[in-house]
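Participant: Sharing a structure here in structure tokens format.
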Amino acid sequence: MSNNQFSRRKFLASAAAVGAAGTMGVGALTSCAGGGDKSAIAGAYDWVPTEYKFPPMLATAPEGKELKAGVIGCGGRGSGAAINFLDAGPGLTITALGDVFQDRVDSCREKILKEKGQEVPIENCFVGFDAFEKVIDSGVDIIILATPPKFRPEHFEAAVKARKHVFMEKPVAVDPAGIRQVLAAAKMAESMGLKIVTGTQRRHQHNYINLYKELQNNGIGNIVSANVYWNGGKLWHRDNNPSWSEMEWMIRDWVNWCWLSGDHIVEQHVHNLDVAMWYFGQHPVKANGFGSRQRRPTGDQFDNFSIDYTFGDGRQMHSMCRQINDCTNGVYEVFHGTKAIAKTDGNGPRIVDAAGNALFSAEGSETSPYVQEHMNLVTCIRQDIPWNQAEETAISNMVAIMGRVSAYTGKEVTYDEMMNSDMKLGPDTFIMGNIGYIETAKVPVPGSYEKE
């Protein structure tokens with residue numbers, strides 16, 4: 001399959017072939033946890049609160065039956081998530097590991113033994129593209145998904161079908177086909193009573209939650225507009241090794257390849273976009289943006305994006321993200337209200353007036369949100385509290401994809417178009433060999449990407 005996947009003409013041409021999730025109108029996808037499109041304003045300055053239910057934010061997960069977890073994707077984030085899970089409370093063990101690379105499994109197993117004193121049985125350590133199936137079938141209660149995002153939809157669906165509770169890192173997909181697969185599996189998980197938590201740390205962070213509650217108490221009036229930012233330095237990359245096949249290099253260098261990561265607006269900036277979807281209580285209906293590639297040493301992605309999003313009621317949000325060294329950095333959100341302004345910058349989540357005077361400061365907690373995510377998952381399992389974040393995260397993920405496609409093509413893109421698109425990135429089959437992908441890879445050129 002050619003990797004020239006971003007022709008707007010291509011994905012609009014197939015809009016009639018709508019998937020199950022795509023048959024719903026904009027805003028029909030509401031969160032099982034109580035989010036969704038309930039806060040659309042009735043008038044220009046009407047303030048309407050949005051219901052959003054939180055699990056108990058405990059200092060540690062409660063005692064209960066032993067819960068065994070298997071980790072699929074044993075790189076840096078998977079290894080970190082394994083430790084975060086074990087830090088969440090009593091009676092928790094990691095009993096299975098899976099990755100496409102043996103060295104990743106070995107390093108994760110060593111980290112767990114060194115830091116937590118738990119030894120994962122060697123017979124429960126699996127390597128290869130089918131390792132996820134073996135981890136799921138190993139007798140675990142919880143699946144931790146931390147592979148490159150391209151593989152997330154298939155792995156999530158398999159875990160749900162096996163009736164496993166799931167923690168899955170964001171993003172949950174890199175393309176519309178993957179988003180619809182996640183949405184369908186999320187509905188299946190809901191019907192089974194499974195607990196699903198995603199790696200959107202802010203929704204598990206005490207001060208962000210307390211700021212949200214203050215906004216629901218009419219703390220800034222109606223949100224009129226917003227700015228969200230993830231401007232930081234370059235992430236890591238892997239130079240090619242002559243001993244690696246093409247597939248091995250791309251997976252080891254995955255944050256630089258769009259079909260594996262979704263580009264950094266999807267892989268990283270989705271955090272800020274998710275906060276905005278949460279605080280607004282709805283998703284935007286269209287995006288118009290641009291971006292460029294200037295210094296990235298490998299892969300086919302952009303270095304920066306600037307996107308204007310428009311909501312169905314006319315409100316707007318500007319989104320900006322950049323991964324370039326030696327530039328002005330900032331990772332935060334700003335929400336402009338009819339009464340005041342909410343900010344989450346380096347001074348902490350708070351509300352200020354137009355002059356910058358503090359009106360409210362959101363209290364926090366010393367608990368890491370990376371650990372709190374797992375505390376919430378374990379708490380909901382042991383206390384049988386309904387909790388399923390897959391749908392809300394998939395919606396935020398789709399908003400990021402919408403912005404990426406607009407920047408790549410230079411065209412305005414709508415949420416409906418993306419939800420109805422059959423765009424599916426990457427090769428058709430996964431083999432650890434040379435797949436002829438890199439030789440055809442091209443960096444998108446806005447304004448010319450409708451050409452073959």
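Note on naming: chains are A, B, ... as they come in the structure tokens, residues start from 1 per chain, ligands start from 1 in the order shown.
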Report the residues of region 247-412 of chain A whose backbone DSSP state falls under strand (DSSP E), written as a PyMOL selection string.
Facilitator: chain A and resi 286-292+304-310+316-323+330-337+341-343+350-352+358-361
Participant: I need the residues from that last selection saved to file as a CSV table (one decimal), in the first residue's frame (with N, CA and C atoms), if you can.
Facilitator:
```csv
chain,number,residue,atom,x,y,z
A,286,LYS,N,-14.7,21.3,12.6
A,286,LYS,CA,-13.8,21.5,11.5
A,286,LYS,C,-12.5,22.0,11.9
A,287,ALA,N,-11.5,21.8,11.1
A,287,ALA,CA,-10.1,22.3,11.3
A,287,ALA,C,-9.6,22.9,10.1
A,288,ASN,N,-8.8,24.0,10.2
A,288,ASN,CA,-8.0,24.6,9.1
A,288,ASN,C,-6.7,24.9,9.7
A,289,GLY,N,-5.6,24.3,9.1
A,289,GLY,CA,-4.3,24.5,9.7
A,289,GLY,C,-3.2,24.4,8.7
A,290,PHE,N,-2.0,24.5,9.3
A,290,PHE,CA,-0.7,24.3,8.5
A,290,PHE,C,0.4,23.8,9.4
A,291,GLY,N,1.4,23.4,8.7
A,291,GLY,CA,2.6,22.9,9.5
A,291,GLY,C,3.8,22.8,8.5
A,292,SER,N,4.9,22.4,9.0
A,292,SER,CA,6.1,22.2,8.2
A,292,SER,C,7.1,21.3,8.8
A,304,ASN,N,6.2,21.0,13.1
A,304,ASN,CA,5.3,21.9,13.8
A,304,ASN,C,3.9,21.9,13.2
A,305,PHE,N,2.9,22.3,13.9
A,305,PHE,CA,1.5,22.4,13.5
A,305,PHE,C,0.9,23.7,14.1
A,306,SER,N,0.0,24.3,13.4
A,306,SER,CA,-0.8,25.4,13.9
A,306,SER,C,-2.2,25.2,13.3
A,307,ILE,N,-3.2,25.0,14.1
A,307,ILE,CA,-4.5,24.6,13.7
A,307,ILE,C,-5.6,25.5,14.3
A,308,ASP,N,-6.5,26.0,13.5
A,308,ASP,CA,-7.7,26.7,14.0
A,308,ASP,C,-8.8,25.7,14.0
A,309,TYR,N,-9.4,25.4,15.1
A,309,TYR,CA,-10.6,24.5,15.3
A,309,TYR,C,-11.8,25.4,15.5
A,310,THR,N,-12.9,25.0,14.9
A,310,THR,CA,-14.2,25.6,15.0
A,310,THR,C,-15.2,24.6,15.6
A,316,GLN,N,-14.2,29.0,18.9
A,316,GLN,CA,-13.0,28.6,18.2
A,316,GLN,C,-11.9,28.3,19.2
A,317,MET,N,-10.9,27.5,18.8
A,317,MET,CA,-9.8,27.1,19.6
A,317,MET,C,-8.5,27.1,18.7
A,318,HIS,N,-7.5,27.7,19.1
A,318,HIS,CA,-6.2,27.6,18.4
A,318,HIS,C,-5.3,26.6,19.1
A,319,SER,N,-4.8,25.7,18.2
A,319,SER,CA,-3.9,24.6,18.7
A,319,SER,C,-2.5,24.8,18.1
A,320,MET,N,-1.5,24.7,18.9
A,320,MET,CA,-0.1,24.9,18.4
A,320,MET,C,0.8,23.8,19.0
A,321,CYS,N,1.6,23.2,18.2
A,321,CYS,CA,2.6,22.2,18.7
A,321,CYS,C,3.9,22.2,17.9
A,322,ARG,N,5.0,22.0,18.5
A,322,ARG,CA,6.3,22.1,17.9
A,322,ARG,C,7.3,21.2,18.6
A,323,GLN,N,8.1,20.5,17.8
A,323,GLN,CA,9.2,19.7,18.4
A,323,GLN,C,10.5,20.2,17.7
A,330,GLY,N,6.5,25.7,25.8
A,330,GLY,CA,5.3,25.8,26.7
A,330,GLY,C,4.4,24.7,26.4
A,331,VAL,N,3.9,24.1,27.5
A,331,VAL,CA,2.9,23.0,27.4
A,331,VAL,C,1.8,23.4,28.4
A,332,TYR,N,0.7,23.9,27.9
A,332,TYR,CA,-0.4,24.4,28.7
A,332,TYR,C,-1.6,24.7,27.9
A,333,GLU,N,-2.7,25.1,28.6
A,333,GLU,CA,-3.9,25.4,28.0
A,333,GLU,C,-4.4,26.7,28.6
A,334,VAL,N,-5.2,27.5,27.7
A,334,VAL,CA,-5.8,28.8,28.2
A,334,VAL,C,-7.2,28.7,27.7
A,335,PHE,N,-8.2,29.0,28.6
A,335,PHE,CA,-9.6,29.0,28.3
A,335,PHE,C,-10.1,30.4,28.6
A,336,HIS,N,-10.6,31.1,27.6
A,336,HIS,CA,-11.1,32.5,27.8
A,336,HIS,C,-12.6,32.4,28.0
A,337,GLY,N,-13.1,32.9,29.2
A,337,GLY,CA,-14.5,32.9,29.5
A,337,GLY,C,-15.1,34.3,29.5
A,341,ILE,N,-10.5,34.1,33.0
A,341,ILE,CA,-9.6,33.2,32.2
A,341,ILE,C,-9.1,32.1,33.0
A,342,ALA,N,-9.1,30.9,32.5
A,342,ALA,CA,-8.5,29.7,33.2
A,342,ALA,C,-7.2,29.4,32.5
A,343,LYS,N,-6.1,29.2,33.3
A,343,LYS,CA,-4.8,28.8,32.7
A,343,LYS,C,-4.2,27.6,33.4
A,350,ARG,N,-5.3,27.5,37.3
A,350,ARG,CA,-5.9,28.6,38.1
A,350,ARG,C,-6.8,29.4,37.3
A,351,ILE,N,-7.5,30.4,37.9
A,351,ILE,CA,-8.3,31.3,37.2
A,351,ILE,C,-7.8,32.7,37.5
A,352,VAL,N,-7.8,33.6,36.5
A,352,VAL,CA,-7.3,34.9,36.7
A,352,VAL,C,-8.3,35.9,36.0
A,358,ALA,N,-4.9,36.7,40.4
A,358,ALA,CA,-5.4,35.4,40.7
A,358,ALA,C,-6.8,35.4,41.4
A,359,LEU,N,-7.7,34.7,40.9
A,359,LEU,CA,-9.0,34.6,41.5
A,359,LEU,C,-9.3,33.2,42.1
A,360,PHE,N,-8.6,32.2,41.6
A,360,PHE,CA,-8.7,30.8,42.1
A,360,PHE,C,-7.5,30.0,41.7
A,361,SER,N,-7.0,29.2,42.7
A,361,SER,CA,-5.9,28.3,42.4
A,361,SER,C,-6.3,26.9,42.7
```
Participant: Can you build me a table of region 80-127 of chain A residues sitting at most 12 Å from region 380-402 of chain A, with the closest atom pair per residue and its distance in Å to one decimal, using only C-alpha atoms, sorted by chain and residue number, as a Markdown table?
Facilitator:
```
| residue | atom | partner | partner_atom | distance |
| --- | --- | --- | --- | --- |
| A:Gly89 | CA | A:Arg382 | CA | 11.4 |
| A:Pro90 | CA | A:Arg382 | CA | 11.6 |
| A:Gly91 | CA | A:Arg382 | CA | 11.1 |
| A:Leu92 | CA | A:Arg382 | CA | 11.7 |
```
Participant: Go through A:Lys339, A:Lys68, A:Arg77, A:Lys111 and flag the residue nearest Leu145 (chain A), using only C-alpha atoms for the distances.
Facilitator: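 When distances to Leu145 (chain A) are compared using only C-alpha atoms, the smallest one comes from A:Arg77.
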Participant: Run DSSP on the backbone and tell me which residues of region 163-286 of chain A come out as alpha helix (DSSP H); list them as a PyMOL selection string.
Facilitator: chain A and resi 176-192+206-216+246-252+258-261+264-267+270-280
Participant: Distance CA of Val105 (chain A)-CA of Glu63 (chain A), one decimal place?
Facilitator: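 Separation of CA of Val105 (chain A) and CA of Glu63 (chain A): 29.0 Å.
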Participant: If we count only C-alpha atoms and set the cut-off at 9 Å, which residues sit around Glu154 (chain A), ignoring sequence neighbours fewer than 6 positions away in its own chain? Please answer as a list of chain:residue names.
Facilitator: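 Skipping anything fewer than 6 positions along the chain leaves A:Gly178, A:Gln181, A:Val182.
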Participant: Using only C-alpha atoms, determine which residues lie at most 10 Å from Ile431 (chain A), disregarding the query and same-chain residues fewer than 5 positions distant; provide the list as a ChimeraX atom specification.
Facilitator: /A:128-129,245-248
Participant: Please provide as a VMD selection string all residues within 9 Å of Glu157 (chain A), with the sequence filter that same-chain residues fewer than 5 positions apart are discarded (counting only C-alpha atoms).
Facilitator: chain A and resid 152 162 181 to 182 184 to 186 188 to 189
Participant: Take the residues that were just selected and, keeping C-alpha atoms, output them as a CSV table (one decimal), in the first residue's frame.
Facilitator:
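Saved to part_17.csv:
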```csv
chain,number,residue,atom,x,y,z
A,152,ARG,CA,-3.4,-0.2,19.5
A,162,ALA,CA,-11.0,-11.8,25.7
A,181,GLN,CA,-12.2,0.0,15.5
A,182,VAL,CA,-11.5,1.5,19.0
A,184,ALA,CA,-16.6,-0.3,18.4
A,185,ALA,CA,-14.5,-2.2,20.9
A,186,ALA,CA,-15.3,0.5,23.5
A,188,MET,CA,-18.3,-3.9,23.4
A,189,ALA,CA,-16.3,-3.3,26.6
```
Participant: Using only C-alpha atoms, which residue out of A:Thr50, A:Asn207, A:Gln282, A:Thr147 lies closest to Trp254 (chain A)?
Facilitator: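 Answer, going by the shortest atom-to-atom distance: A:Thr147.
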